[in-house]
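Peer 1: So that we are looking at the same thing, I have put the structure below in structure tokens.
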Amino acid sequence: MYTPPHFKQDRAASLKFADERGFGTMCAFDGRKPVASSLPFYLSYADDGTPHAAFHVARHNPLLKLADGATSWLLAVNGPDAYVSPDWYVSPDQVPTWLYQSVHLTGPVRLLSDQELSVQVDTLSDKFENWLLPKQPWTSGKMTAGRLEAMKKGIVGLVMTVEEVEGSFKLNQHKSDADYAAIANALGDGDADAKQISSLMRQIRPQVFADDTNTLERSAP
């Protein structure tokens, strides 16, 4: 991952982001061309602190043939992104750009045993069902044993031992306060991703937007 110093994230922040997203694109190379699949995953940590990204794929997914436990794969995890028009800056002579969050995890991938797969399926569903609280979480126990086992025969569990963590959060950190605020405000009127980028920028430099907050407070009834 090419990451200018302004946008580089440390290991802890990058892993936290990847774990909270829980969805990415797993990429491998078959010797002739890239092979990739978009999939959900969760992170766990070995006793020595090594991260592991656990996931599963359909039994006929071509990625399976490449899981030799030695060759490195890449898991690309992306967050919101937004286009920035040069017209929005205060300063002249700007160029178009794109703001985004992205983390790359790299490492070898091995197959899981049937028992490990059972734990993984439950752990993965627990992770995302918790996003829906206070809804009563779905569990595999709600399925009949026969149906659950039949479904599990159609998938194969895998786990990546994460050896390299790279993070790039390009949020205009290198711009002046005036330009930074102008872009965040413009993105605040955009689509859902643009609004998320705007919110992240405000979290990074809250002091730049203090006057906005004070104005709102003074105008409140």
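Residue numbers start at 1 in each chain; chains themselves are named A, B, ... in the order of the structure tokens; ligands are numbered from 1 in the order shown.
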Write out, as a Markdown table, each residue of region 182-210 of chain A that has an atom at most 9 Å from region 84-106 of chain A, together with the closest pair of atoms and their distance in Å to one decimal, counting only C-alpha atoms, rows going by chain and rising number.

Peer 2:
```
| residue | atom | partner | partner_atom | distance |
| --- | --- | --- | --- | --- |
| A:Ala182 | CA | A:Tyr89 | CA | 6.0 |
| A:Ile183 | CA | A:Trp88 | CA | 6.0 |
| A:Ala186 | CA | A:Trp88 | CA | 6.7 |
| A:Leu187 | CA | A:Val84 | CA | 7.9 |
| A:Ala194 | CA | A:Leu99 | CA | 8.9 |
| A:Ile197 | CA | A:Tyr100 | CA | 7.4 |
```

Peer 1: Applying 9 Å and only C-alpha atoms, which residues near region 124-135 of chain A remain after dropping the ones on its own chain fewer than 4 positions away? List them as a count of residues only.

Peer 2: 10

Peer 1: May I ask which of the residues A:Gly188, A:Val35, A:Gly157, A:Leu75 is the closest one to Arg59 (chain A), counting only C-alpha atoms?

Peer 2: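 Under the stated criterion, the closest residue is A:Gly157.
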
Peer 1: At a cut-off of 10 Å, using only C-alpha atoms, what residues contact Pro51 (chain A)? Leave out same-chain residues fewer than 2 positions from it and give the result as a PDB file with C-alpha atoms, in the first residue's frame.

Peer 2:
```pdb
ATOM      1  CA  LEU A  15      -6.539  -3.295  13.240  1.00  0.00           C
ATOM      2  CA  LEU A  43     -10.214 -10.805  14.022  1.00  0.00           C
ATOM      3  CA  SER A  44      -8.866 -12.810  16.928  1.00  0.00           C
ATOM      4  CA  TYR A  45      -5.455 -12.745  18.594  1.00  0.00           C
ATOM      5  CA  ALA A  46      -2.992 -15.499  19.479  1.00  0.00           C
ATOM      6  CA  ASP A  47      -1.307 -15.590  22.889  1.00  0.00           C
ATOM      7  CA  ASP A  48       1.682 -13.730  21.424  1.00  0.00           C
ATOM      8  CA  GLY A  49      -0.588 -10.989  20.043  1.00  0.00           C
ATOM      9  CA  ALA A  53      -8.555 -12.996  10.289  1.00  0.00           C
ATOM     10  CA  ALA A  54     -11.117 -15.827  10.146  1.00  0.00           C
ATOM     11  CA  LEU A 105      -3.821  -7.091   6.036  1.00  0.00           C
ATOM     12  CA  GLY A 107      -0.338 -13.084   5.517  1.00  0.00           C
ATOM     13  CA  MET A 160      -5.156 -15.689   7.747  1.00  0.00           C
ATOM     14  CA  THR A 161      -2.182 -15.234  10.059  1.00  0.00           C
ATOM     15  CA  VAL A 162      -1.725 -11.489   9.721  1.00  0.00           C
ATOM     16  CA  GLU A 163       1.967 -10.706   9.255  1.00  0.00           C
ATOM     17  CA  GLU A 164       1.691  -7.172   7.902  1.00  0.00           C
ATOM     18  CA  VAL A 165      -0.755  -4.368   8.724  1.00  0.00           C
TER      19      VAL A 165
END
```
